[in-house]
Every structure is written in C-alpha cells, then in structure tokens.
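Participant: My structure file target31.cif, mmCIF, C-alpha atoms, is below:
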```
data_final
loop_
_atom_site.label_atom_id
_atom_site.label_comp_id
_atom_site.auth_asym_id
_atom_site.auth_seq_id
_atom_site.Cartn_x
_atom_site.Cartn_y
_atom_site.Cartn_z
CA MET O 1 -8.58 -66.46 9.52
CA SER O 2 -5.69 -66.97 7.12
CA ASN O 3 -2.54 -64.90 7.43
CA GLN O 4 -3.30 -63.43 3.97
CA CYS O 5 -6.77 -62.23 5.02
CA GLN O 6 -5.40 -60.80 8.25
CA PHE O 7 -2.73 -58.91 6.30
CA ILE O 8 -5.32 -57.49 3.91
CA ARG O 9 -7.51 -56.31 6.82
CA GLN O 10 -4.52 -54.63 8.48
CA MET O 11 -3.60 -52.85 5.26
CA VAL O 12 -7.16 -51.62 4.76
CA ALA O 13 -7.23 -50.29 8.32
CA ILE O 14 -3.93 -48.50 7.80
CA LEU O 15 -5.05 -46.98 4.51
CA MET O 16 -8.32 -45.81 6.05
CA ALA O 17 -6.46 -44.24 8.94
CA CYS O 18 -4.06 -42.50 6.56
CA GLY O 19 -7.00 -41.22 4.55
CA LEU O 20 -8.63 -39.83 7.69
CA ILE O 21 -5.41 -38.13 8.74
CA ALA O 22 -4.93 -36.69 5.27
CA SER O 23 -8.44 -35.31 5.30
CA LEU O 24 -7.77 -33.59 8.60
CA LEU O 25 -4.39 -32.13 7.66
CA PRO O 26 -5.68 -29.28 5.43
CA ALA O 27 -8.09 -28.17 8.15
CA CYS O 28 -5.33 -28.20 10.75
CA ALA O 29 -3.03 -26.24 8.46
CA ALA O 30 -5.78 -23.75 7.72
CA ALA O 31 -6.45 -23.29 11.40
CA ASP O 32 -2.77 -22.59 12.05
CA THR O 33 -2.35 -20.20 9.12
CA ALA O 34 -5.82 -18.67 8.75
CA ASP O 35 -4.41 -15.22 9.44
CA ASN O 36 -1.21 -15.68 7.46
CA GLN O 37 -1.90 -15.34 3.76
CA TRP O 38 0.91 -16.16 1.41
CA GLY O 39 2.72 -13.13 0.12
CA PRO O 40 1.89 -11.82 -3.34
CA GLY O 41 3.22 -13.80 -6.27
CA TYR O 42 6.08 -12.06 -8.03
CA ARG O 43 9.10 -12.44 -10.25
CA ILE O 44 12.22 -10.40 -10.94
CA THR O 45 12.77 -9.87 -14.65
CA ASP O 46 15.30 -7.99 -16.77
CA SER O 47 12.67 -5.24 -16.87
CA GLY O 48 12.14 -5.03 -13.11
CA LEU O 49 9.76 -6.34 -10.48
CA ARG O 50 6.53 -7.93 -11.66
CA ILE O 51 3.64 -8.63 -9.28
CA ASP O 52 1.06 -11.25 -10.26
CA GLY O 53 -2.22 -9.68 -11.37
CA ILE O 54 -0.68 -6.30 -12.26
CA ARG O 55 0.16 -5.55 -15.87
CA ALA O 56 3.37 -3.75 -16.65
CA ASP O 57 1.77 -1.82 -19.51
CA LYS O 58 -1.52 0.03 -19.03
CA PRO O 59 -2.54 -1.62 -15.74
CA THR O 60 -6.29 -2.18 -15.49
CA ASN O 61 -6.55 -2.68 -11.71
CA ARG O 62 -8.85 -0.55 -9.62
CA VAL O 63 -6.67 1.78 -7.55
CA ILE O 64 -7.24 3.52 -4.20
CA TYR O 65 -4.78 5.78 -2.39
CA ASP O 66 -5.03 5.93 1.42
CA ASN O 67 -2.85 8.44 3.27
CA ASP O 68 -2.61 10.72 6.29
CA PHE O 69 -0.37 13.60 5.20
CA TYR O 70 -1.09 15.00 1.76
CA PHE O 71 1.49 17.79 1.92
CA ASP O 72 4.75 15.84 2.16
CA ALA O 73 4.77 14.34 -1.34
CA LEU O 74 3.55 15.02 -4.85
CA ASP O 75 2.31 11.44 -5.22
CA PHE O 76 -1.36 12.37 -4.86
CA GLY O 77 -0.98 14.94 -7.65
CA TYR O 78 0.94 12.40 -9.73
CA LEU O 79 -1.81 9.79 -9.37
CA ALA O 80 -4.52 12.34 -10.17
CA ALA O 81 -2.48 13.37 -13.23
CA GLN O 82 -2.16 9.79 -14.44
CA TYR O 83 -5.93 9.46 -14.09
CA LYS O 84 -6.50 12.65 -16.08
CA LEU O 85 -4.20 11.30 -18.79
CA GLY O 86 -6.29 8.12 -18.94
CA ARG O 87 -3.60 5.77 -17.65
CA VAL O 88 -5.12 4.35 -14.46
CA ASN O 89 -8.45 3.04 -13.17
CA PHE O 90 -8.33 5.34 -10.16
CA LYS O 91 -11.24 5.21 -7.71
CA GLY O 92 -10.53 7.61 -4.86
CA PHE O 93 -8.44 9.09 -2.04
CA ILE O 94 -8.97 8.01 1.58
CA VAL O 95 -7.87 10.15 4.53
CA THR O 96 -6.81 8.10 7.56
CA ARG O 97 -5.93 9.34 11.03
CA ASN O 98 -2.31 10.17 11.80
CA SER O 99 -1.57 8.43 15.10
CA HIS O 100 1.15 10.89 16.08
CA GLN O 101 -1.11 13.94 16.48
CA GLU O 102 -4.02 14.82 18.75
CA ASP O 103 -6.10 16.14 15.87
CA GLY O 104 -4.81 13.34 13.68
CA TYR O 105 -8.01 12.92 11.67
CA ALA O 106 -9.46 16.43 11.56
CA GLY O 107 -6.05 17.89 10.80
CA MET O 108 -5.49 15.47 7.94
CA VAL O 109 -8.88 16.33 6.40
CA ARG O 110 -8.15 20.08 6.57
CA GLN O 111 -4.82 19.48 4.91
CA TYR O 112 -6.32 17.32 2.17
CA ASN O 113 -8.95 19.94 1.38
CA HIS O 114 -6.26 22.63 1.23
CA TYR O 115 -4.24 20.76 -1.39
CA ARG O 116 -7.29 19.60 -3.27
CA ASN O 117 -8.37 23.24 -3.68
CA LEU O 118 -4.89 24.25 -4.84
CA ALA O 119 -4.85 21.41 -7.37
CA ILE O 120 -8.26 22.40 -8.75
CA GLN O 121 -7.17 26.05 -8.99
CA SER O 122 -4.18 24.79 -10.96
CA GLY O 123 -6.37 22.92 -13.44
CA LEU O 124 -6.02 19.38 -12.03
CA TRP O 125 -9.18 17.52 -11.04
CA VAL O 126 -9.00 15.91 -7.60
CA PRO O 127 -12.04 14.23 -5.97
CA GLU O 128 -13.40 14.85 -2.50
CA HIS O 129 -11.80 12.64 0.14
CA ILE O 130 -13.37 9.50 1.58
CA GLY O 131 -13.23 9.37 5.37
CA GLY O 132 -11.02 6.64 6.79
CA ALA O 133 -10.30 5.44 10.32
CA LYS O 134 -10.38 8.07 13.06
CA GLU O 135 -8.72 6.00 15.80
CA ARG O 136 -5.89 3.50 15.76
CA LEU O 137 -6.52 -0.14 16.55
CA VAL O 138 -5.46 -1.69 19.85
CA MET O 139 -4.11 -5.20 20.21
CA PRO O 140 -6.59 -7.26 22.27
CA GLU O 141 -5.38 -8.96 25.45
CA SER O 142 -5.80 -12.33 23.79
CA GLY O 143 -3.42 -11.37 20.99
CA LYS O 144 -5.93 -12.81 18.52
CA ILE O 145 -6.81 -10.80 15.44
CA ASP O 146 -10.47 -11.84 15.55
CA ASP O 147 -10.84 -10.27 19.03
CA THR O 148 -9.85 -6.81 17.76
CA LYS O 149 -12.43 -4.07 18.40
CA TYR O 150 -12.93 -1.65 15.53
CA GLU O 151 -15.28 0.88 14.01
CA LEU O 152 -16.00 0.61 10.31
CA SER O 153 -15.39 3.84 8.38
CA ASP O 154 -16.60 4.98 4.96
CA GLY O 155 -13.08 4.36 3.72
CA ALA O 156 -13.12 0.74 4.89
CA ARG O 157 -16.52 0.22 3.26
CA PHE O 158 -15.12 1.73 0.06
CA ILE O 159 -12.19 -0.68 0.09
CA ILE O 160 -14.59 -3.60 0.55
CA GLU O 161 -16.80 -2.33 -2.27
CA GLN O 162 -13.90 -1.97 -4.69
CA ALA O 163 -12.41 -5.33 -3.71
CA ASP O 164 -15.77 -6.99 -4.33
CA ALA O 165 -15.73 -5.49 -7.82
CA SER O 166 -12.21 -6.87 -8.44
CA THR O 167 -10.92 -10.38 -9.09
CA PRO O 168 -7.88 -12.44 -8.01
CA ASP O 169 -6.54 -12.07 -11.56
CA ASN O 170 -7.08 -8.30 -11.58
CA PRO O 171 -6.94 -7.34 -7.89
CA LEU O 172 -7.70 -4.02 -6.25
CA ILE O 173 -4.53 -2.04 -5.50
CA VAL O 174 -4.53 -0.04 -2.26
CA PHE O 175 -1.56 2.30 -1.90
CA CYS O 176 -1.01 3.38 1.71
CA GLY O 177 1.20 6.31 2.60
CA GLY O 178 0.23 6.49 6.28
CA GLN O 179 -1.12 4.16 8.94
CA LEU O 180 -2.80 0.95 7.78
CA THR O 181 -5.80 1.39 10.08
CA THR O 182 -8.49 1.77 7.42
CA VAL O 183 -7.23 -1.22 5.42
CA ALA O 184 -6.99 -3.34 8.57
CA THR O 185 -10.58 -2.58 9.60
CA ALA O 186 -11.80 -3.54 6.12
CA LEU O 187 -9.97 -6.87 6.48
CA LEU O 188 -11.41 -7.40 9.95
CA GLU O 189 -14.91 -6.85 8.62
CA ARG O 190 -14.43 -8.94 5.48
CA PRO O 191 -11.34 -11.19 5.56
CA ASP O 192 -12.39 -12.77 2.25
CA ILE O 193 -11.53 -9.62 0.26
CA ALA O 194 -7.82 -10.37 0.74
CA LYS O 195 -7.80 -12.66 -2.27
CA ARG O 196 -8.97 -9.79 -4.50
CA MET O 197 -6.56 -7.07 -3.38
CA ILE O 198 -2.90 -6.18 -2.88
CA VAL O 199 -1.75 -3.58 -0.35
CA PHE O 200 1.31 -1.46 -1.12
CA GLY O 201 2.84 0.13 1.97
CA ALA O 202 5.43 2.78 2.78
CA GLY O 203 7.37 1.63 5.82
CA GLN O 204 4.42 0.31 7.85
CA LEU O 205 5.99 -3.15 8.10
CA MET O 206 9.18 -1.74 9.56
CA ALA O 207 9.91 0.24 12.71
CA THR O 208 9.25 3.64 11.10
CA TYR O 209 7.01 6.68 11.45
CA ASN O 210 4.29 4.89 9.53
CA SER O 211 4.24 1.88 11.87
CA HIS O 212 2.85 3.84 14.81
CA ASP O 213 -0.41 1.92 14.54
CA GLY O 214 1.44 -1.35 14.86
CA TRP O 215 -1.55 -3.61 15.37
CA SER O 216 -3.12 -2.41 12.12
CA ALA O 217 0.13 -3.16 10.31
CA TYR O 218 0.20 -6.63 11.85
CA VAL O 219 -3.44 -7.35 10.98
CA THR O 220 -2.96 -6.18 7.39
CA ALA O 221 0.21 -8.18 6.81
CA MET O 222 -1.26 -11.33 8.34
CA ARG O 223 -4.48 -11.17 6.35
CA ALA O 224 -3.62 -9.73 2.94
CA PRO O 225 -0.85 -9.75 0.33
CA VAL O 226 1.42 -6.79 1.09
CA VAL O 227 4.32 -5.18 -0.75
CA ASN O 228 6.28 -2.82 1.50
CA MET O 229 8.82 -0.11 0.60
CA ARG O 230 10.45 2.20 3.12
CA GLU O 231 9.65 5.88 2.76
CA GLY O 232 12.11 7.33 0.23
CA PHE O 233 13.38 10.51 1.88
CA ALA O 234 16.27 12.06 -0.04
CA LYS O 235 17.42 8.64 -1.17
CA VAL O 236 19.17 9.76 -4.34
CA ASP O 237 22.89 9.85 -5.06
CA GLY O 238 23.92 13.40 -4.31
CA GLY O 239 21.42 13.76 -1.48
CA TYR O 240 18.95 16.53 -0.85
CA ASP O 241 20.46 19.16 -3.16
CA LYS O 242 20.26 16.89 -6.16
CA SER O 243 16.76 15.60 -5.43
CA LYS O 244 15.54 19.17 -4.89
CA LYS O 245 16.82 20.20 -8.33
CA GLN O 246 14.92 17.34 -9.92
CA TYR O 247 11.69 19.24 -9.23
CA ASP O 248 12.83 22.43 -11.02
CA PRO O 249 11.08 21.62 -14.37
CA LEU O 250 7.64 21.66 -12.73
CA PRO O 251 5.28 24.51 -13.65
CA LYS O 252 4.96 27.10 -10.89
CA ASN O 253 1.19 26.93 -10.49
CA PHE O 254 -0.74 27.27 -7.21
CA LEU O 255 -0.13 23.68 -6.14
CA ILE O 256 3.55 23.49 -7.05
CA LYS O 257 4.33 26.88 -5.52
CA ASP O 258 2.88 25.68 -2.24
CA PHE O 259 4.95 22.53 -2.36
CA TYR O 260 8.04 24.67 -2.84
CA HIS O 261 7.35 26.07 0.64
CA THR O 262 6.84 22.73 2.37
CA LYS O 263 8.79 19.58 3.13
CA VAL O 264 8.99 18.06 -0.31
CA ILE O 265 11.15 20.66 -1.98
CA LYS O 266 12.18 23.22 0.63
CA GLU O 267 13.37 21.08 3.52
CA GLN O 268 15.74 18.16 3.86
CA ASP O 269 13.08 15.56 3.08
CA ALA O 270 13.08 16.10 -0.68
CA GLY O 271 12.59 12.73 -2.26
CA ILE O 272 9.89 10.32 -3.30
CA VAL O 273 8.53 10.04 0.30
CA ASP O 274 5.45 7.75 0.28
CA GLY O 275 5.11 7.64 -3.49
CA GLY O 276 7.66 5.01 -4.49
CA THR O 277 5.24 2.18 -5.09
CA VAL O 278 2.77 4.53 -6.81
CA VAL O 279 5.44 5.42 -9.37
CA TRP O 280 6.44 1.75 -9.68
CA LEU O 281 2.95 0.89 -10.98
CA PHE O 282 3.72 2.82 -14.17
CA ASN O 283 7.50 2.31 -14.20
CA GLN O 284 8.14 -1.22 -13.03
CA HIS O 285 11.74 -1.25 -14.24
CA LEU O 286 12.64 1.08 -11.36
CA VAL O 287 12.46 -1.73 -8.76
CA THR O 288 14.87 -4.59 -9.37
CA GLY O 289 14.64 -6.77 -6.26
CA ALA O 290 12.45 -8.04 -3.43
CA GLN O 291 12.86 -9.90 -0.14
CA ARG O 292 10.38 -12.44 1.22
CA ARG O 293 9.65 -11.68 4.85
CA ASN O 294 7.55 -13.24 7.60
CA MET O 295 5.95 -11.62 10.61
CA ASN O 296 6.94 -12.51 14.17
CA VAL O 297 4.53 -12.95 17.05
CA PRO O 298 2.46 -9.97 18.30
CA ALA O 299 4.69 -9.74 21.40
CA SER O 300 6.97 -7.52 19.35
CA PHE O 301 4.86 -4.42 20.03
CA ARG O 302 5.83 -1.72 22.47
CA ASP O 303 3.40 -0.65 25.18
CA ASN O 304 2.07 2.24 23.08
CA GLY O 305 1.33 -0.03 20.11
CA VAL O 306 4.30 0.96 17.96
CA LEU O 307 5.94 -1.88 16.08
CA ASN O 308 9.35 -2.89 17.32
CA ARG O 309 11.37 -5.65 15.64
CA PHE O 310 8.60 -7.71 14.15
CA TYR O 311 9.71 -9.50 11.02
CA THR O 312 12.14 -12.26 10.21
CA ASN O 313 14.18 -11.47 7.11
CA VAL O 314 14.25 -14.88 5.48
CA ASN O 315 13.93 -15.67 1.79
CA VAL O 316 11.98 -18.89 2.24
CA ASN O 317 8.49 -20.19 1.56
CA PRO O 318 5.87 -19.60 2.72
CA TYR O 319 6.37 -15.85 3.09
CA GLY O 320 3.99 -13.29 4.51
CA HIS O 321 4.89 -10.16 2.52
CA LEU O 322 7.40 -8.68 0.11
CA HIS O 323 9.87 -6.03 1.20
CA LEU O 324 11.52 -3.84 -1.44
CA PRO O 325 14.99 -3.00 -0.05
CA ASP O 326 16.61 0.39 -0.64
CA GLY O 327 19.31 -1.05 -2.86
CA SER O 328 16.68 -2.33 -5.29
CA ASN O 329 14.78 0.94 -5.64
CA ASN O 330 15.83 3.63 -8.10
CA TYR O 331 14.57 6.63 -6.12
CA GLU O 332 16.20 9.14 -8.44
CA GLY O 333 14.44 7.52 -11.39
CA MET O 334 11.15 7.58 -9.49
CA ILE O 335 11.38 11.32 -8.92
CA ALA O 336 12.27 11.84 -12.57
CA ALA O 337 9.28 9.73 -13.68
CA MET O 338 6.94 11.67 -11.39
CA VAL O 339 8.23 15.02 -12.62
CA ASP O 340 7.98 13.89 -16.23
CA VAL O 341 4.23 13.37 -15.80
CA LEU O 342 3.58 16.48 -13.71
CA LYS O 343 5.31 18.79 -16.19
CA ASP O 344 2.97 17.64 -18.98
CA PRO O 345 0.87 20.76 -19.82
CA ARG O 346 -2.20 18.57 -20.41
CA VAL O 347 -2.27 17.78 -16.70
CA TRP O 348 -2.93 21.41 -15.82
CA ASP O 349 -5.27 22.22 -18.71
CA PRO O 350 -8.79 22.41 -17.19
CA ASP O 351 -10.33 21.72 -20.61
CA TYR O 352 -8.24 18.65 -21.38
CA SER O 353 -9.76 15.19 -21.15
CA ALA O 354 -7.94 12.02 -22.17
CA LYS O 355 -11.21 10.66 -23.49
CA SER O 356 -11.35 13.39 -26.13
CA VAL O 357 -7.86 12.73 -27.50
CA PRO O 358 -6.88 9.52 -29.33
CA ARG O 359 -4.18 7.55 -27.50
#
```
Spell out the structure here as structure tokens.
Facilitator:
Amino acid sequence: MSNQCQFIRQMVAILMACGLIASLLPACAAADTADNQWGPGYRITDSGLRIDGIRADKPTNRVIYDNDFYFDALDFGYLAAQYKLGRVNFKGFIVTRNSHQEDGYAGMVRQYNHYRNLAIQSGLWVPEHIGGAKERLVMPESGKIDDTKYELSDGARFIIEQADASTPDNPLIVFCGGQLTTVATALLERPDIAKRMIVFGAGQLMATYNSHDGWSAYVTAMRAPVVNMREGFAKVDGGYDKSKKQYDPLPKNFLIKDFYHTKVIKEQDAGIVDGGTVVWLFNQHLVTGAQRRNMNVPASFRDNGVLNRFYTNVNVNPYGHLHLPDGSNNYEGMIAAMVDVLKDPRVWDPDYSAKSVPR
C-alpha cells in the first residue's frame, strides 16, 4: 500500500471517529443538563425589562396566579381588575398549601373564599379557586428529580392544560406568590410543558419565607424558565408610612376596608408583597435590571426541606433563572400603578364589562 493511500485511510478513520463523537456529544450534554433549562430570554431596554414571548403592550399570554395567602396583598384584586378591564388573558387562581401552618391548605382555602366574597360584594368578579398542592414535596434520597414522589392536584392539571394551549412564542405565565409546589408537580408530571411557560416567583429562589418548600423551588428552577423577585415588603423610600399613604386613594368598599385592617395597610408590611411581577406585566418600565443565576447542588437544603444558600450569583451563560434585584425594582411605582387601577370606578361597577365599551 502506498504512503498516499495509507494517509487517506487514516484521515477517513479520523473523520469517522470525529463524526461519531460529535453525534454523541449532544446526547451527553442533554443527559447532563436535562433538568437544567436555560433561563428565560430577556433584554434590558431604555423602557425596562423585556422577557421573550411577553409583549410590553397588551400582553396576550394566558395567565394563572398561584398563591397561599390571599390577604397580605392586593395583587389578586389588581389582577382581577385588569381582567375586568379587558387587559389580560386571565385564566384562574390556584390555592396552594402554606408549608408553615398545620392547616396550610384548608386555611388558605377559607381565606381565599373570604376575600373572594368581599370582592364580589364590592362589585369585582373573582372566580372560584382551583385546588393546588396540599402537601409539600420531599427531596428523594437519591437527590434525583425524577425520583420525587408527588400527588397531582387539580391546580397542576390546570397548569398543564393551559401550557398545552400555549406556545413557546406566547407562553403561559404562572405568577406564584407562595410555595412552588403545584407548579413543580405539574413539571414532574409533564416536563415538556416547560418550553411553553414562564414562572414568575416571589422569593422562592432565595432563602425566604416562600422557600419553605425548598425541593419544589429546586425542581421548578431546574425544569422551567423562572423569573424571581424578592417579596417587596415596605421597600419604598420613606418606609412604611409612605407606602401606607399610597393606598389612601382607594375606595372604601367591603374589600378595601378589610385590607385596611390586615397586614397590607395596617401593619408594617405595607408594600407590594408578592405582587411585584404581576404589576411588571403591565408596567415593564418599573424593572430596570436582572441577574443571571444558577442553582447549586441539592445538598444545600436544610433537614426540614427549607432552602439554604442554593444559588451562585454569576452573570454567565448558561444561566438557570433570572433574579430581579431590589435596586432594579421600583416598588413605589408598582404600588402607585396598582392603586391607579384599583381606584378606577369601572372596576367596582357590577354592571361594567370591558366588552361592552370600545377600547
């Protein structure tokens, strides 16, 4: 065999080997990162934070709000008001167990029904709740997400249904003001829905009150695009006194009067609470920055399942989720935007329908 023929054969063998390796590389990468979706696409503009798939004017995305407490913020009333005014494709409220309380699910349902009735008496339509997760998830001994035991709730099925009706270009938005248990179980049942949804959290991906169901937070962040903002308690310049006064223009109907006797307006927690990202949807100029963050290994959980230090704050690619830092969030502007909608007399007019009025 000539040296030239031998050289050609060697080159062919090398090229074939490289081709085989290249064909295997995507599978290996997928195996290593199957539970680590890239964070949501975004950009920071002169007019605020923009998230891929969400329009800044008249968003068309299907929207779900999943929460535990419905008494510590006016965000549920704000979202219902925006729906009544014809500004959002709202689909429903989910009630998820609060992991801090023994009657965490039953108590949350009673509370939701209480405020729903007050809202209806005040002229604002609010739908019946959809039942979410009743128990928190537990990290399996293996530390593998796929080994997690769970029970599918009506709320999780609803999330799957609405995600199936959405598209990657117009994804389902799930706002979460409490534990991420219901969202996590939906993603455990149907991991494929992640590409048709974006989850907006309120402190679940930090060591906060809302990260008590730490494994659910981990599962959600590893499987779906997540945007996370810390709960905005009294985060306005001037503190509680100033944020409390921001609510003064609201009409004193049954619902608002009750809120004046609870945490939102009466106590030291006056602020935007869990509703920051809900307000951002309609006022995207109020968030001006974002950090790309990655999750650490599951070993960062405490014995009781609460998240400890579990993210690496690095602005590199790939990233697992977006964090909206306090310095980038105009909490005072968020409260003002919420109040501006809730003081609109059409919101409380039982005979008003946005469909009957040209817009």
Participant: What's the 9 Å shell around Gly39 of chain O, counting all atoms listed in the file, without same-chain residues fewer than 3 positions away, as a list in words?
Facilitator: Asn36, Tyr42, Ala221, Ala224, Pro225, Val226, Val227, Arg292, Arg293, Asn294, Pro318, Tyr319, Gly320, His321 and Leu322 of chain O
Participant: Interatomic distance between atom CA of Tyr65 of chain O and atom CA of Thr185 of chain O?
Facilitator: 15.7 Å
Participant: Rounded to one decimal place, report the atom CA of Asn330 of chain O-atom CA of Ala217 of chain O distance in Å.
Facilitator: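 Atom-to-atom, atom CA of Asn330 of chain O and atom CA of Ala217 of chain O are spaced 25.1 Å apart.
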Participant: Between atom CA of Gln291 of chain O and atom CA of Pro325 of chain O, what distance in Å does the model show, to one decimal?
Facilitator: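 Between atom CA of Gln291 of chain O and atom CA of Pro325 of chain O the gap is 7.2 Å.
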Participant: Tell me which of O:Val126, O:Val109, O:Ile54, O:Val339 sits closest to Gly41 of chain O, counting only C-alpha atoms.
Facilitator: O:Ile54
Participant: Contacts of Asp52 of chain O at 9 Å or less, counting all atoms listed in the file, minus same-chain residues fewer than 3 places along, as an mmCIF file with C-alpha atoms, in the coordinates of the input?
Facilitator:
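That gives us around.cif:
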```cif
data_model
loop_
_atom_site.group_PDB
_atom_site.id
_atom_site.type_symbol
_atom_site.label_atom_id
_atom_site.label_comp_id
_atom_site.auth_asym_id
_atom_site.auth_seq_id
_atom_site.Cartn_x
_atom_site.Cartn_y
_atom_site.Cartn_z
ATOM 1 C CA PRO O 40 1.890 -11.820 -3.340
ATOM 2 C CA GLY O 41 3.220 -13.800 -6.270
ATOM 3 C CA TYR O 42 6.080 -12.060 -8.030
ATOM 4 C CA ARG O 43 9.100 -12.440 -10.250
ATOM 5 C CA ARG O 55 0.160 -5.550 -15.870
ATOM 6 C CA ASP O 169 -6.540 -12.070 -11.560
ATOM 7 C CA ASN O 170 -7.080 -8.300 -11.580
#
```
Participant: Evaluate the PyMOL selection byres ((chain O and resi 57) around 10) here and jot the selected residues down as a list in words.
Facilitator: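 Checked against the file, the PyMOL selection byres ((chain O and resi 57) around 10) matches Ile54, Arg55, Ala56, Lys58, Pro59, Thr60, Arg87, Leu281, Phe282, Asn283 and Gln284 of chain O.
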Participant: Which residues, written as a PyMOL selection string, have at least one atom at most 6 Å from segment 134-146 of chain O, with only C-alpha atoms counted and residues fewer than 5 positions away on the same chain left out?
Facilitator: chain O and resi 97+105+213+215
Participant: Using the chain letters and residue numbers of this document, give as a list of chain:residue names the residues selected by the PyMOL selection byres ((chain O and resi 89) around 9).
Facilitator: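 Given this file, the PyMOL selection byres ((chain O and resi 89) around 9) evaluates to O:Pro59, O:Thr60, O:Asn61, O:Arg62, O:Val63, O:Tyr83, O:Gly86, O:Arg87, O:Val88, O:Phe90, O:Lys91.
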Participant: Residues of the last selection are to be written out with C-alpha atoms, as a compact mmCIF listing (two decimals), keeping the file's coordinate frame.
Facilitator:
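So result_13.txt came out as:
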```txt
# COMPACT_ATOMS: atom_id res chain seq x y z
CA PRO O 59 -2.54 -1.62 -15.74
CA THR O 60 -6.29 -2.18 -15.49
CA ASN O 61 -6.55 -2.68 -11.71
CA ARG O 62 -8.85 -0.55 -9.62
CA VAL O 63 -6.67 1.78 -7.55
CA TYR O 83 -5.93 9.46 -14.09
CA GLY O 86 -6.29 8.12 -18.94
CA ARG O 87 -3.60 5.77 -17.65
CA VAL O 88 -5.12 4.35 -14.46
CA PHE O 90 -8.33 5.34 -10.16
CA LYS O 91 -11.24 5.21 -7.71
```
Participant: Given the PyMOL selection byres ((chain O and resi 160-166) around 9) and the file above, list the residues it selects as a PyMOL selection string.
Facilitator: chain O and resi 61-64+91+155-159+167-173+186-187+189-190+193-197
Participant: Compare O:Leu286, O:Leu205, O:Val183, O:Ile335 by their minimum atom-to-atom distance to Pro249 of chain O, counting all atoms listed in the file, and give me the closest one.
Facilitator: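 Nearest candidate to Pro249 of chain O out of O:Leu286, O:Leu205, O:Val183, O:Ile335: O:Ile335.
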Participant: Taking all atoms listed in the file into account, name the residue in O:Ser47, O:Thr181, O:Ala106, O:Leu124 that is nearest to Thr148 of chain O.
Facilitator: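 Closest to Thr148 of chain O, using all atoms listed in the file: O:Thr181.
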Participant: Could you tell me which of O:Val287, O:Leu324, O:Met338, O:Met222 comes closest to Tyr247 of chain O if we count only C-alpha atoms?
Facilitator: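 So, comparing all the options, the nearest one is O:Met338.
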Participant: Need the neighbours of (-10.1, 7.9, 5.5): which residues are at most 8 Å away, counting all atoms listed in the file, as a list in words?
Facilitator: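 Using all atoms listed in the file, the matching residues come out as Asp66, Asn67, Phe93, Ile94, Val95, Thr96, Arg97, His129, Ile130, Gly131, Gly132, Ala133, Lys134, Ser153, Asp154, Gly155, Ala156 and Thr182 of chain O.
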Participant: Identify which of the residues O:Pro191, O:Gly104, O:Pro251, O:Gly327 lies closest to Gln179 of chain O, counting all atoms listed in the file when measuring atom-to-atom distances.
Facilitator: O:Gly104
Participant: Hey, could you patch up segment 69-82 of chain O with N, CA, C and O atoms and hand it over as a tab-separated table (two decimals), in the frame of the given file?
Facilitator:
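What follows is the written file part39.tsv:
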```tsv
chain	number	residue	atom	x	y	z
O	69	PHE	N	-0.87	12.33	5.73
O	69	PHE	CA	-0.37	13.60	5.20
O	69	PHE	C	-0.54	13.66	3.68
O	69	PHE	O	-0.17	12.72	2.98
O	70	TYR	N	-1.04	14.78	3.20
O	70	TYR	CA	-1.09	15.00	1.76
O	70	TYR	C	-0.23	16.20	1.35
O	70	TYR	O	-0.35	16.69	0.25
O	71	PHE	N	0.65	16.65	2.26
O	71	PHE	CA	1.49	17.79	1.92
O	71	PHE	C	2.95	17.39	1.76
O	71	PHE	O	3.76	18.20	1.29
O	72	ASP	N	3.32	16.17	2.13
O	72	ASP	CA	4.75	15.84	2.16
O	72	ASP	C	5.22	15.08	0.92
O	72	ASP	O	6.33	14.57	0.89
O	73	ALA	N	4.37	14.98	-0.09
O	73	ALA	CA	4.77	14.34	-1.34
O	73	ALA	C	3.86	14.79	-2.46
O	73	ALA	O	2.73	15.22	-2.23
O	74	LEU	N	4.35	14.67	-3.67
O	74	LEU	CA	3.55	15.02	-4.85
O	74	LEU	C	2.87	13.79	-5.45
O	74	LEU	O	2.35	13.83	-6.56
O	75	ASP	N	2.87	12.68	-4.68
O	75	ASP	CA	2.31	11.44	-5.22
O	75	ASP	C	0.82	11.53	-5.47
O	75	ASP	O	0.31	10.94	-6.43
O	76	PHE	N	0.09	12.27	-4.64
O	76	PHE	CA	-1.36	12.37	-4.86
O	76	PHE	C	-1.64	13.14	-6.15
O	76	PHE	O	-2.54	12.81	-6.92
O	77	GLY	N	-0.84	14.20	-6.41
O	77	GLY	CA	-0.98	14.94	-7.65
O	77	GLY	C	-0.57	14.10	-8.85
O	77	GLY	O	-1.19	14.15	-9.91
O	78	TYR	N	0.47	13.29	-8.66
O	78	TYR	CA	0.94	12.40	-9.73
O	78	TYR	C	-0.13	11.38	-10.10
O	78	TYR	O	-0.40	11.14	-11.28
O	79	LEU	N	-0.78	10.79	-9.10
O	79	LEU	CA	-1.81	9.79	-9.37
O	79	LEU	C	-3.02	10.43	-10.02
O	79	LEU	O	-3.60	9.88	-10.97
O	80	ALA	N	-3.41	11.62	-9.54
O	80	ALA	CA	-4.52	12.34	-10.17
O	80	ALA	C	-4.18	12.70	-11.62
O	80	ALA	O	-5.04	12.67	-12.51
O	81	ALA	N	-2.91	13.04	-11.87
O	81	ALA	CA	-2.48	13.37	-13.23
O	81	ALA	C	-2.54	12.16	-14.13
O	81	ALA	O	-2.99	12.24	-15.29
O	82	GLN	N	-2.10	11.02	-13.64
O	82	GLN	CA	-2.16	9.79	-14.44
O	82	GLN	C	-3.61	9.43	-14.76
O	82	GLN	O	-3.91	8.94	-15.86
```
